[in-house]
Each structure stands twice: as structure tokens, then as C-alpha cells.
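Next up, protein18.tsv (TSV, C-alpha atoms):
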```
chain	number	residue	atom	x	y	z
P	1	MET	CA	0.00	0.00	0.00
P	2	ARG	CA	1.36	3.32	-0.90
P	3	ARG	CA	1.32	5.98	1.68
P	4	VAL	CA	2.25	9.42	0.75
P	5	ALA	CA	3.68	12.27	2.68
P	6	LEU	CA	4.16	15.75	1.37
P	7	ILE	CA	7.65	17.03	1.90
P	8	ALA	CA	6.98	19.75	4.37
P	9	LEU	CA	9.16	21.96	6.40
P	10	LEU	CA	7.51	21.76	9.70
P	11	VAL	CA	9.11	23.10	12.76
P	12	ALA	CA	10.29	19.81	14.09
P	13	CYS	CA	11.18	18.34	10.77
P	14	GLY	CA	14.87	18.84	10.98
P	15	LYS	CA	15.02	16.68	14.05
P	16	ALA	CA	15.37	12.96	14.02
P	17	SER	CA	12.19	11.05	14.69
P	18	PRO	CA	11.85	10.10	18.30
P	19	PRO	CA	12.29	6.42	19.01
P	20	ALA	CA	9.09	4.41	18.93
P	21	PRO	CA	7.74	3.51	22.35
P	22	THR	CA	8.73	0.04	23.39
P	23	SER	CA	5.83	-0.59	25.70
P	24	ARG	CA	2.32	0.56	26.38
P	25	ASP	CA	3.35	1.84	29.80
P	26	GLU	CA	6.04	3.96	28.21
P	27	LEU	CA	3.53	5.34	25.75
P	28	ILE	CA	1.04	6.21	28.46
P	29	ALA	CA	3.79	7.85	30.49
P	30	ALA	CA	4.73	9.95	27.47
P	31	TRP	CA	1.15	11.12	27.07
P	32	LYS	CA	0.99	12.13	30.70
P	33	GLN	CA	4.29	13.89	30.42
P	34	ALA	CA	2.92	15.81	27.46
P	35	GLY	CA	0.13	17.11	29.66
P	36	LEU	CA	-2.62	14.91	28.30
P	37	THR	CA	-5.32	13.58	30.59
P	38	VAL	CA	-5.08	9.81	30.46
P	39	SER	CA	-7.64	7.43	31.95
P	40	SER	CA	-6.77	3.97	33.12
P	41	PHE	CA	-6.43	1.50	30.29
P	42	ALA	CA	-8.17	-1.86	30.45
P	43	ALA	CA	-7.72	-5.03	28.45
P	44	THR	CA	-10.26	-5.49	25.69
P	45	GLN	CA	-11.22	-8.14	23.22
P	46	SER	CA	-10.55	-6.75	19.80
P	47	PRO	CA	-10.30	-8.25	16.35
P	48	THR	CA	-7.40	-5.84	15.90
P	49	GLY	CA	-5.09	-7.91	18.08
P	50	LYS	CA	-4.78	-10.25	21.03
P	51	ASP	CA	-3.04	-7.84	23.37
P	52	CYS	CA	-5.12	-4.68	23.28
P	53	GLN	CA	-6.19	-2.15	25.87
P	54	VAL	CA	-8.65	0.73	25.64
P	55	GLY	CA	-8.91	3.96	27.53
P	56	THR	CA	-9.38	7.66	26.93
P	57	VAL	CA	-6.93	10.46	26.39
P	58	ASN	CA	-8.38	13.95	26.60
P	59	LYS	CA	-11.86	12.52	25.99
P	60	LEU	CA	-10.75	10.68	22.91
P	61	ASP	CA	-11.17	6.91	22.74
P	62	VAL	CA	-7.82	5.25	22.38
P	63	LEU	CA	-6.91	1.65	21.61
P	64	VAL	CA	-3.36	0.44	22.08
P	65	CYS	CA	-2.38	-2.99	20.86
P	66	SER	CA	0.98	-4.65	21.24
P	67	TYR	CA	2.44	-6.98	18.63
P	68	ALA	CA	5.44	-9.19	18.25
P	69	SER	CA	7.03	-6.98	15.61
P	70	PRO	CA	6.68	-3.58	13.94
P	71	ASP	CA	5.57	-5.32	10.77
P	72	ASP	CA	2.73	-6.98	12.62
P	73	ALA	CA	1.70	-3.64	14.08
P	74	LYS	CA	1.76	-2.05	10.66
P	75	ALA	CA	-0.32	-4.83	9.21
P	76	ALA	CA	-2.90	-4.20	11.92
P	77	GLN	CA	-3.45	-0.55	10.96
P	78	SER	CA	-6.45	-1.33	8.79
P	79	GLY	CA	-7.95	-3.28	11.68
P	80	GLY	CA	-7.39	-0.21	13.80
P	81	LEU	CA	-9.38	1.87	11.35
P	82	GLN	CA	-12.16	-0.67	11.60
P	83	TRP	CA	-12.15	-0.10	15.37
P	84	VAL	CA	-12.34	3.67	14.76
P	85	GLY	CA	-15.55	3.20	12.81
P	86	ASP	CA	-17.66	5.99	11.38
P	87	THR	CA	-15.98	8.94	13.00
P	88	THR	CA	-12.80	10.99	12.81
P	89	GLY	CA	-9.80	8.98	13.83
P	90	ALA	CA	-6.53	7.38	12.98
P	91	ALA	CA	-4.65	4.14	13.42
P	92	GLN	CA	-0.90	4.23	13.20
P	93	ALA	CA	1.84	1.75	14.03
P	94	HIS	CA	4.64	3.01	16.24
P	95	GLY	CA	7.21	0.33	16.59
P	96	ALA	CA	5.47	-2.82	17.69
P	97	LEU	CA	2.51	-0.87	19.05
P	98	LEU	CA	-0.63	0.11	17.21
P	99	ILE	CA	-2.28	3.32	18.39
P	100	ALA	CA	-5.83	3.91	17.26
P	101	VAL	CA	-7.71	7.07	18.21
P	102	ALA	CA	-11.39	7.74	17.66
P	103	ASP	CA	-13.09	11.07	18.25
P	104	ARG	CA	-16.56	9.73	18.92
P	105	HIS	CA	-17.65	12.72	20.98
P	106	LYS	CA	-16.30	15.45	18.70
P	107	ALA	CA	-13.87	16.49	21.40
P	108	ASP	CA	-11.08	17.43	19.03
P	109	PRO	CA	-12.42	19.25	15.98
P	110	SER	CA	-9.00	20.44	14.81
P	111	GLY	CA	-7.32	17.07	15.27
P	112	LYS	CA	-4.51	18.68	17.25
P	113	THR	CA	-4.99	16.38	20.21
P	114	ILE	CA	-5.15	13.33	17.97
P	115	ASN	CA	-1.92	14.50	16.41
P	116	GLN	CA	-0.40	14.96	19.83
P	117	ILE	CA	-1.45	11.47	20.89
P	118	LEU	CA	0.08	9.98	17.80
P	119	LYS	CA	3.33	11.87	18.13
P	120	ALA	CA	3.87	12.26	21.86
P	121	HIS	CA	6.46	9.65	22.53
B	1	MET	CA	-20.99	-17.61	-9.04
B	2	ARG	CA	-22.21	-14.11	-9.69
B	3	VAL	CA	-24.83	-14.51	-7.00
B	4	ILE	CA	-22.22	-15.59	-4.49
B	5	THR	CA	-19.98	-12.67	-5.36
B	6	PHE	CA	-22.89	-10.30	-5.03
B	7	LEU	CA	-23.86	-11.72	-1.66
B	8	ILE	CA	-20.30	-11.44	-0.39
B	9	ALA	CA	-20.19	-7.83	-1.49
B	10	ILE	CA	-23.46	-7.10	0.24
B	11	ALA	CA	-22.24	-8.80	3.41
B	12	CYS	CA	-19.10	-6.71	3.35
B	13	VAL	CA	-21.04	-3.50	3.00
B	14	VAL	CA	-23.52	-4.38	5.70
B	15	GLY	CA	-20.77	-5.51	8.03
B	16	GLY	CA	-18.75	-2.40	7.47
B	17	VAL	CA	-15.83	-4.39	6.15
B	18	ALA	CA	-13.44	-2.75	3.76
B	19	LEU	CA	-13.74	-3.62	0.13
B	20	GLY	CA	-10.09	-3.58	-0.60
B	21	ASP	CA	-9.22	0.06	-0.08
B	22	ASP	CA	-8.50	0.17	3.62
B	23	HIS	CA	-11.40	2.16	4.86
B	24	TYR	CA	-14.50	1.14	6.65
B	25	GLY	CA	-18.09	2.18	6.46
B	26	ARG	CA	-18.33	5.85	5.57
B	27	GLN	CA	-14.71	6.61	6.26
B	28	VAL	CA	-12.76	8.74	3.82
B	29	ARG	CA	-9.00	8.56	4.11
B	30	PHE	CA	-6.82	11.64	4.31
B	31	ALA	CA	-3.09	12.13	4.77
B	32	GLY	CA	-1.71	15.27	6.35
B	33	PRO	CA	-3.40	18.50	7.37
B	34	HIS	CA	-6.33	19.70	5.31
B	35	PRO	CA	-9.36	21.97	5.51
B	36	ILE	CA	-12.52	20.82	7.21
B	37	PRO	CA	-15.71	21.43	5.25
B	38	LYS	CA	-17.86	24.23	6.64
B	39	SER	CA	-20.67	21.74	7.05
B	40	ASP	CA	-18.45	19.89	9.52
B	41	GLY	CA	-17.30	22.93	11.43
B	42	GLY	CA	-14.72	24.46	9.11
B	43	GLY	CA	-11.14	25.32	9.93
B	44	MET	CA	-8.21	22.98	9.58
B	45	CYS	CA	-7.54	19.42	10.58
B	46	TYR	CA	-3.96	19.14	11.83
B	47	ILE	CA	-3.53	15.39	11.92
B	48	GLU	CA	-0.23	14.83	10.17
B	49	GLY	CA	-0.37	11.17	9.33
B	50	PRO	CA	-2.99	9.02	7.67
B	51	HIS	CA	-6.41	9.35	9.23
B	52	VAL	CA	-10.08	9.20	8.45
B	53	HIS	CA	-13.10	11.45	8.50
B	54	ILE	CA	-16.71	11.03	7.59
B	55	TYR	CA	-16.76	13.65	4.88
B	56	ALA	CA	-15.54	13.80	1.36
B	57	ALA	CA	-12.54	15.44	-0.24
B	58	ASN	CA	-13.07	17.47	-3.39
B	59	ASP	CA	-11.34	16.80	-6.67
B	60	LEU	CA	-9.65	20.17	-7.09
B	61	GLU	CA	-7.81	20.62	-3.81
B	62	TYR	CA	-6.81	17.02	-3.21
B	63	ARG	CA	-4.81	14.40	-5.01
B	64	VAL	CA	-5.46	10.75	-4.47
B	65	GLU	CA	-2.30	8.96	-3.43
B	66	GLY	CA	-2.90	5.29	-2.83
B	67	PRO	CA	-5.85	5.11	-0.47
B	68	ASP	CA	-5.38	8.65	0.84
B	69	HIS	CA	-6.48	12.13	-0.14
B	70	VAL	CA	-3.63	14.60	0.14
B	71	PHE	CA	-4.44	18.32	0.30
B	72	VAL	CA	-2.45	20.35	-2.24
B	73	GLY	CA	-4.19	23.71	-1.87
B	74	ASP	CA	-3.42	26.77	0.23
B	75	PRO	CA	-4.12	25.94	3.88
B	76	VAL	CA	-3.74	29.55	4.98
B	77	ALA	CA	-7.04	30.28	3.26
B	78	TYR	CA	-8.62	28.07	5.89
B	79	GLY	CA	-6.84	29.50	8.90
B	80	PHE	CA	-3.81	27.22	9.00
B	81	ASP	CA	-1.52	28.41	11.77
B	82	GLY	CA	1.55	26.35	10.97
B	83	PRO	CA	4.62	27.23	8.95
B	84	LYS	CA	3.97	28.65	5.53
B	85	TYR	CA	6.01	29.33	2.43
B	86	ALA	CA	4.97	31.70	-0.32
B	87	TYR	CA	4.79	30.67	-3.95
B	88	ASN	CA	3.80	32.60	-7.02
B	89	GLY	CA	1.98	30.75	-9.74
B	90	PRO	CA	1.74	27.08	-10.62
B	91	HIS	CA	4.48	24.68	-9.65
B	92	PRO	CA	5.27	21.04	-9.09
B	93	MET	CA	5.35	19.74	-5.57
B	94	VAL	CA	7.25	16.73	-4.39
B	95	VAL	CA	5.56	14.10	-2.35
B	96	GLU	CA	7.07	10.94	-1.11
B	97	ASP	CA	5.59	7.69	0.04
B	98	GLU	CA	6.42	6.07	3.31
B	99	ASP	CA	9.24	4.23	1.65
B	100	GLY	CA	10.79	7.53	0.69
B	101	GLU	CA	10.03	7.23	-2.99
B	102	PRO	CA	9.35	10.63	-4.48
B	103	HIS	CA	6.16	11.50	-6.31
B	104	THR	CA	5.41	14.63	-8.20
B	105	GLU	CA	2.08	16.41	-8.01
B	106	TYR	CA	1.22	19.81	-9.39
B	107	CYS	CA	-0.30	22.95	-7.93
B	108	PHE	CA	-2.29	25.09	-10.35
B	109	ILE	CA	-3.04	28.06	-8.15
B	110	ASP	CA	-2.38	31.25	-10.09
B	111	GLY	CA	-0.69	34.14	-8.38
B	112	PRO	CA	0.58	34.35	-4.82
B	113	HIS	CA	-0.37	31.60	-2.43
B	114	TYR	CA	1.04	29.54	0.40
B	115	HIS	CA	1.95	25.97	1.08
B	116	PRO	CA	3.23	24.57	4.36
B	117	PHE	CA	6.40	23.31	2.76
B	118	ALA	CA	9.28	24.68	0.77
B	119	PRO	CA	10.11	23.30	-2.65
B	120	PRO	CA	12.93	20.83	-3.09
B	121	ASP	CA	16.39	22.23	-3.53
B	122	GLY	CA	17.55	22.75	-7.07
B	123	PRO	CA	17.47	25.14	-9.99
B	124	ASP	CA	13.76	24.75	-10.80
B	125	PHE	CA	12.66	27.14	-8.10
B	126	LYS	CA	13.91	30.61	-7.45
B	127	LEU	CA	13.27	32.38	-4.19
B	128	VAL	CA	12.71	35.99	-5.13
B	129	GLY	CA	11.18	38.52	-2.79
B	130	ASN	CA	10.34	35.82	-0.26
B	131	ALA	CA	8.28	33.86	-2.78
B	132	TYR	CA	9.17	30.77	-4.71
B	133	PHE	CA	8.80	30.96	-8.48
B	134	PHE	CA	8.91	27.83	-10.59
B	135	VAL	CA	11.32	28.49	-13.44
B	136	GLY	CA	11.91	24.94	-14.58
B	137	ASN	CA	10.72	23.35	-17.74
B	138	PRO	CA	7.24	21.99	-17.04
B	139	PRO	CA	6.89	18.34	-17.90
B	140	GLN	CA	4.13	17.38	-20.28
B	141	ALA	CA	2.18	15.78	-17.45
B	142	PHE	CA	2.08	19.19	-15.74
B	143	ILE	CA	0.69	20.84	-18.86
B	144	ASP	CA	-1.74	18.03	-19.56
B	145	ALA	CA	-3.15	18.08	-16.03
B	146	ARG	CA	-3.85	21.80	-16.03
B	147	PRO	CA	-7.34	21.71	-17.61
B	148	LYS	CA	-8.44	19.21	-15.01
B	149	PHE	CA	-7.20	21.14	-12.00
B	150	VAL	CA	-7.03	24.81	-12.96
B	151	GLY	CA	-10.55	25.20	-11.58
B	152	ILE	CA	-8.94	25.32	-8.16
B	153	ASN	CA	-8.63	29.06	-8.71
B	154	THR	CA	-12.38	29.42	-8.57
B	155	VAL	CA	-12.23	27.84	-5.14
B	156	TYR	CA	-9.81	30.44	-3.77
B	157	GLN	CA	-11.04	33.51	-5.61
B	158	PRO	CA	-13.91	34.23	-3.24
B	159	ILE	CA	-11.99	33.42	-0.08
B	160	HIS	CA	-10.88	36.48	1.85
B	161	TYR	CA	-7.52	35.90	3.46
B	162	ALA	CA	-4.08	37.44	3.62
B	163	ARG	CA	-2.28	36.06	0.63
B	164	PRO	CA	1.45	36.47	0.36
B	165	VAL	CA	2.62	39.77	-0.94
B	166	VAL	CA	4.83	39.46	-3.98
B	167	ALA	CA	6.45	42.78	-4.68
B	168	VAL	CA	9.15	41.78	-7.08
B	169	GLU	CA	9.53	41.09	-10.73
B	170	ALA	CA	9.25	37.48	-11.69
B	171	PRO	CA	12.56	35.85	-12.52
B	172	ALA	CA	13.31	34.88	-16.08
B	173	GLY	CA	11.68	31.64	-17.08
B	174	TRP	CA	8.84	31.92	-14.60
B	175	ILE	CA	6.10	29.51	-15.48
B	176	GLY	CA	3.43	32.16	-15.07
B	177	ALA	CA	4.69	33.86	-18.18
B	178	ARG	CA	4.53	30.75	-20.32
B	179	ALA	CA	1.69	30.55	-22.79
B	180	GLU	CA	0.51	27.21	-21.41
B	181	PHE	CA	0.16	28.67	-17.95
B	182	GLU	CA	-1.27	32.09	-18.54
B	183	ALA	CA	-3.49	33.06	-15.72
B	184	PRO	CA	-6.99	33.38	-17.13
B	185	GLY	CA	-8.55	36.76	-16.77
B	186	VAL	CA	-5.63	38.73	-15.46
B	187	ALA	CA	-7.41	41.43	-13.60
B	188	VAL	CA	-5.51	44.40	-12.34
B	189	GLU	CA	-8.00	46.94	-11.24
B	190	ALA	CA	-5.84	49.99	-11.35
B	191	PRO	CA	-5.89	52.93	-13.63
B	192	GLY	CA	-3.17	53.57	-16.07
B	193	VAL	CA	-2.21	50.04	-16.80
B	194	ALA	CA	-1.34	49.88	-20.42
B	195	VAL	CA	-1.11	46.44	-21.81
B	196	GLY	CA	0.53	46.38	-25.20
B	197	ALA	CA	-0.60	45.61	-28.63
B	198	PRO	CA	-3.72	43.63	-29.47
B	199	GLY	CA	-3.08	39.97	-29.35
B	200	VAL	CA	-0.34	40.26	-26.83
B	201	VAL	CA	-1.22	38.26	-23.80
B	202	VAL	CA	0.64	39.18	-20.72
B	203	ALA	CA	0.76	36.94	-17.74
B	204	ALA	CA	2.26	39.42	-15.41
B	205	PRO	CA	3.90	38.28	-12.23
B	206	GLY	CA	1.45	38.16	-9.41
B	207	ALA	CA	-1.16	39.81	-11.55
B	208	VAL	CA	-4.02	37.64	-10.47
B	209	VAL	CA	-4.82	40.12	-7.82
B	210	VAL	CA	-8.23	41.61	-7.55
B	211	PRO	CA	-7.95	43.95	-4.62
B	212	PRO	CA	-11.53	43.80	-3.34
B	213	ARG	CA	-11.25	40.06	-2.93
B	214	ILE	CA	-7.83	39.93	-1.44
B	215	GLY	CA	-8.43	41.18	2.02
B	216	ILE	CA	-6.16	43.06	4.31
B	217	GLY	CA	-2.78	44.35	3.43
B	218	ILE	CA	-2.72	43.95	-0.30
B	219	ASP	CA	-2.27	46.87	-2.62
B	220	VAL	CA	-1.76	47.01	-6.29
B	221	HIS	CA	0.65	49.69	-7.29
B	222	VAL	CA	1.34	50.76	-10.78
B	223	PRO	CA	4.71	52.36	-10.75
B	224	PRO	CA	6.11	54.26	-13.64
B	225	PRO	CA	8.37	52.56	-16.13
B	226	PRO	CA	10.79	50.83	-16.37
B	227	THR	CA	8.99	47.89	-17.66
B	228	ILE	CA	8.42	44.35	-16.66
B	229	SER	CA	9.84	41.81	-18.97
B	230	VAL	CA	7.40	38.97	-18.97
B	231	GLY	CA	9.77	36.50	-20.42
B	232	ILE	CA	7.97	35.88	-23.67
B	233	GLY	CA	9.80	38.41	-25.69
B	234	VAL	CA	7.29	41.15	-25.14
B	235	ASN	CA	7.83	44.09	-22.89
B	236	VAL	CA	4.82	45.74	-21.46
B	237	GLY	CA	4.92	49.21	-20.15
B	238	GLY	CA	3.49	50.17	-16.89
B	239	GLY	CA	5.09	47.63	-14.69
B	240	ILE	CA	2.72	45.80	-12.44
B	241	LEU	CA	3.81	45.54	-8.90
B	242	VAL	CA	1.87	43.77	-6.31
B	243	GLY	CA	3.04	45.12	-3.04
B	244	GLY	CA	2.16	46.54	0.27
B	245	PRO	CA	2.42	45.36	3.80
B	246	GLY	CA	1.48	41.88	4.66
B	247	ARG	CA	2.72	38.67	6.04
B	248	GLY	CA	5.66	37.25	4.28
B	249	PRO	CA	6.93	33.74	4.35
B	250	HIS	CA	9.66	32.52	6.58
B	251	PRO	CA	12.72	34.53	5.82
B	252	GLY	CA	16.05	33.10	4.95
B	253	PRO	CA	17.00	29.96	3.16
B	254	PRO	CA	14.80	26.94	3.50
B	255	PRO	CA	15.74	24.49	6.19
B	256	PRO	CA	16.93	21.04	5.24
B	257	ARG	CA	14.51	18.79	3.48
B	258	PRO	CA	12.64	16.69	5.96
B	259	ARG	CA	9.74	14.43	5.49
B	260	GLY	CA	6.66	16.32	6.28
B	261	TRP	CA	3.03	15.47	6.79
B	262	HIS	CA	4.56	12.61	8.70
B	263	ARG	CA	2.98	9.33	7.96
```
Once more with this new file: its structure as C-alpha cells, please.
Amino acid sequence: MRRVALIALLVACGKASPPAPTSRDELIAAWKQAGLTVSSFAATQSPTGKDCQVGTVNKLDVLVCSYASPDDAKAAQSGGLQWVGDTTGAAQAHGALLIAVADRHKADPSGKTINQILKAH
Amino acid sequence: MRVITFLIAIACVVGGVALGDDHYGRQVRFAGPHPIPKSDGGGMCYIEGPHVHIYAANDLEYRVEGPDHVFVGDPVAYGFDGPKYAYNGPHPMVVEDEDGEPHTEYCFIDGPHYHPFAPPDGPDFKLVGNAYFFVGNPPQAFIDARPKFVGINTVYQPIHYARPVVAVEAPAGWIGARAEFEAPGVAVEAPGVAVGAPGVVVAAPGAVVVPPRIGIGIDVHVPPPPTISVGIGVNVGGGILVGGPGRGPHPGPPPPRPRGWHR
């Protein structure tokens, strides 16, 4: 599948990408450190993966699944979009983790918080 | 067999399962920041990677790249508050897939406008007066695609926003002076503009400026000669200068080429 990114000169673009989080706990800690309000995360049954937990971050529904490899996490992105459903959201692999975010309550009209969730690590 | 295929298709639709293009139900895939339709609240969506919404992307401001719609218009017109770089006239834009393979798309916005990225390094763009001018040789695909996408100008014409101010002469070879890329209906509403002989079409630099529609900080000045050479072997007296105070792009040379609209 081809994914395309415009070559943009964003403020942080000259910097190297931060390392992908290695664990869900690390990811959640990064969100908290970024000032996001993070609920507790609970295990959930999901067709997206066997090791998934759901919670909320700044009133956005968030699913985090852990996989054996980054390739497995990437392959699960489309399943993450299925979890998002008919609303604004995203599902992106970060290392061996899949992060899916769904704005089911229209809490983030500009998408800035979703962006922060996906990049804050 | 046909019946089975049909039933499978129906089951997929009812179950909200993707039919091979990686989206579900009513989802529409986007990549990178883009405007939000007024009917859905307006403004900009700032999600940088691939994501989904439940509204459509139009054919003029987006290009379809794989499963995603990528916005190629001027985000500042929609209130974008990120970095912006001024361009004047049509130009190619480089996109790359997640594997780093470059793609080329084309912007057909006439006159001054913004994008949130600088052009790639090289001789095809000249930064003059804080705006990038495409001075390369347009590939045939660029010319061929123009009729399909030039209608994007009708999208931006009625939008009131602070466009970049381009107060310099276009460099030699600027695409806006090429016959294939003449801005339709060059409208400079200022007295004393004398455009040469009949049959001479002048695509003056930054001339697609209709002051009442531009908004704050844009003036059209008509200085006395000398003239503007429009790069097609015709000199037109009067010299059209689009100037005045306004927001310029980021000064200085462009930073190194990163991957933007991170995916």
C-alpha cells in the first residue's frame, strides 16, 4: 500500500524522529508527560489484536495494541481503522505498538490532540 | 458464481468491512493537514499522518495517493496556523511515500499563495522577494493536467484571506509567463495600466490580484516605467507591482529537506 507524505518543512522536521515507544506503559507515560489527561487502560477483546487495551486520552477513545514486531503492528493498521468506525480517527503503528484514536464525541475538531497522541512519545 | 460474489459484497457493506481500499463504512481517508468542510465545522484538521473522516474530499484541492487524499491547496485560506512558504503561480510539488520514494504532483493556483512546505532544492525554483517561483521546464504531465485542476482558482477567488505579498519582478523563465500557464482573466483593477498591442497576452507576475477580494494588506501599485519583462519576448509598459504590507513567508533559506506530513 502506498502511503504518501508531502515534503513539508515543519518546525520539528529537521530533528530525528523520536524512538518508537517500546511498551504501552512507556507510551502512556509519554502522554501524561505531554500534559494529556489519560484514563486507566483496560484489556479489551478486539479483532485488531490479542493484546489490546482501551482507555481515553483527553476525551478521545484510544486503543493500544501490542504486537510481536513492527511489521505486525503495521499490518494491523487497517484493523485499527475498523475499530475507529464511522468517526474521525486514525490508526498508526509506532514500533510494535498500534495506536488507534477515535473522536466519537467530537472532542477534538481540529485534530490537534489526535496528532499529539500519535506523536507524543 | 455471480450470485455468491454479489452476496459477499453485500455482506461486506452491511458488516462495514473494507472492500479492498483500507477504509470502513463511511470513512474517507486523508493524509496530512487539510481543511474541514464548513458543514463539519470548518477550519483545519492538523492530523499529520494518515487518518479518516466522515466527509468527502473534493477533486480540485486534493490528489489521491494510494488510499489517501492529500491536500495540495493553500491551507492559509482556511486559517492554518503552521509554517507557511509563499509561492507565485503554478508549480510542481514533491511528495514521497512512506518508503521515501518521491512523487510529483502539481499545484495550479495562479498568483501568490502559500503551502506549508518549501520546494525541493535545485534550480527549478527561485526564491525571489520571499516567494518561490517555478522556473523549470514543465513536464508534459504538468501541462496536460492543467485543464483538469485549474478550476482550483475558482475555489480560492472568493476566499478572503491574507495572501502572500509578492512585490518583485518574476525571474526569467517563470512559469506564469509561459503561454501554457497564462493566468486566465488577469485582472488588475488599477488605472493607467497599459497592456501592449492587441493579441499580446501578458501573464504578469502576481497579476491575479483583484484587490476587493484579497483582504487586508494587499495593494496594487502601478509604478512608472521601467517595464516588466514577462519572459515571452514582449515588454509591457506600466510595470505591475503587487506590493504593500502583509505577512511574508519565513525569511532566509529553506531548512533542510525533511519528510513532512509525517505518515
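You can rank P:Leu63, P:Leu118, P:Ala68, P:Ala96 by their closest distance to P:Gln82 using only C-alpha atoms, and at the top of that list sits P:Leu63.
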* To do: Name all residues at most 8 Å from P:Thr37 (count all atoms listed in the file; drop same-chain ones fewer than 6 positions away) and give them as JSON, numbers by chain.
  => {"P": [31, 57, 58]}
Across P:Asp86, P:Glu26, P:Asp51, P:Asp103, the smallest distance to chain B, with all atoms listed in the file counted, is shown by P:Asp86
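In this comparison, which uses all atoms listed in the file, the residue of P:Ser39, P:Thr56, P:Thr48, P:Gln33 approaching P:Asp72 most closely is P:Thr48.
Shortest separation to chain P among B:Tyr62, B:Tyr46, B:Tyr78, B:Phe125 occurs at residue B:Tyr46, atoms counted being only C-alpha atoms.
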When you look at P:Ala102 with a cut-off of 9 Å (counting all atoms listed in the file), what residues show up, excluding the ones that are within fewer than 4 positions of it in the same chain? I need them as a PDB file with C-alpha atoms, keeping the file's coordinate frame.
```pdb
ATOM      1  CA  LEU P  60     -10.750  10.680  22.910  1.00  0.00           C
ATOM      2  CA  ASP P  61     -11.170   6.910  22.740  1.00  0.00           C
ATOM      3  CA  VAL P  62      -7.820   5.250  22.380  1.00  0.00           C
ATOM      4  CA  LEU P  63      -6.910   1.650  21.610  1.00  0.00           C
ATOM      5  CA  LEU P  81      -9.380   1.870  11.350  1.00  0.00           C
ATOM      6  CA  TRP P  83     -12.150  -0.100  15.370  1.00  0.00           C
ATOM      7  CA  VAL P  84     -12.340   3.670  14.760  1.00  0.00           C
ATOM      8  CA  GLY P  85     -15.550   3.200  12.810  1.00  0.00           C
ATOM      9  CA  THR P  87     -15.980   8.940  13.000  1.00  0.00           C
ATOM     10  CA  THR P  88     -12.800  10.990  12.810  1.00  0.00           C
ATOM     11  CA  GLY P  89      -9.800   8.980  13.830  1.00  0.00           C
ATOM     12  CA  ALA P  90      -6.530   7.380  12.980  1.00  0.00           C
ATOM     13  CA  ALA P  91      -4.650   4.140  13.420  1.00  0.00           C
ATOM     14  CA  ILE P 114      -5.150  13.330  17.970  1.00  0.00           C
TER      15      ILE P 114
END
```
Here atom CA of B:Thr104 and atom CA of B:Ile47 stand apart by 22.0 Å
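With all atoms listed in the file as the basis for measurement, P:Ile99 is the residue among P:Cys52, P:Cys65, P:Ile99, P:Ala43 that approaches chain B most closely.
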Counting all atoms listed in the file, which residues come within 10 Å of (10.5, 28.7, -6.8), with the point read in the file's coordinates, and could you list them as a VMD selection string?
-> chain B and resid 86 to 92 118 to 128 130 to 136 171 174 to 175
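You can rank B:Leu60, B:Ala172, B:Val52, B:Cys107 by their closest distance to chain P using all atoms listed in the file, and at the top of that list sits B:Val52.
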One decimal place gives the atom CA of P:Asp108-atom CA of B:Cys45 separation as 9.4 Å
Using 8 Å of padding on each side, determine the axis-aligned box around all atoms of stretch 27-44 of chain P present in the file and give its centre and edge lengths in Å to one decimal, as AutoDock Vina command-line options.
```
--center_x -2.8 --center_y 5.8 --center_z 29.4 --size_x 31.0 --size_y 38.6 --size_z 23.4
```
With all atoms listed in the file as the counted atoms, please give the residues lying no more than 12 Å from P:Ala30, apart from itself and same-chain residues fewer than 6 positions off, as number ranges by chain. P: 18-24, 36-38, 57, 116-121
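Interatomic distance, atom CA of P:Asp25 to atom CA of P:Ser66: 11.0 Å.
Every protein or nucleic acid residue with an atom no more than 8 Å from P:Ala76, counting all atoms listed in the file and leaving out same-chain residues fewer than 3 positions away, appears here: P:Thr48, P:Gly49, P:Asp72, P:Ala73, P:Gly79, P:Gly80, P:Ala93, P:Leu98.
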Discussion item. Give me, as a ChimeraX atom specification, all polymer residues having an atom no more than 6 Å from stretch 26-36 of chain B, counting all atoms listed in the file and skipping those fewer than 6 positions away in the same chain.
Written reply: /P:86 /B:42-54,68-71,261
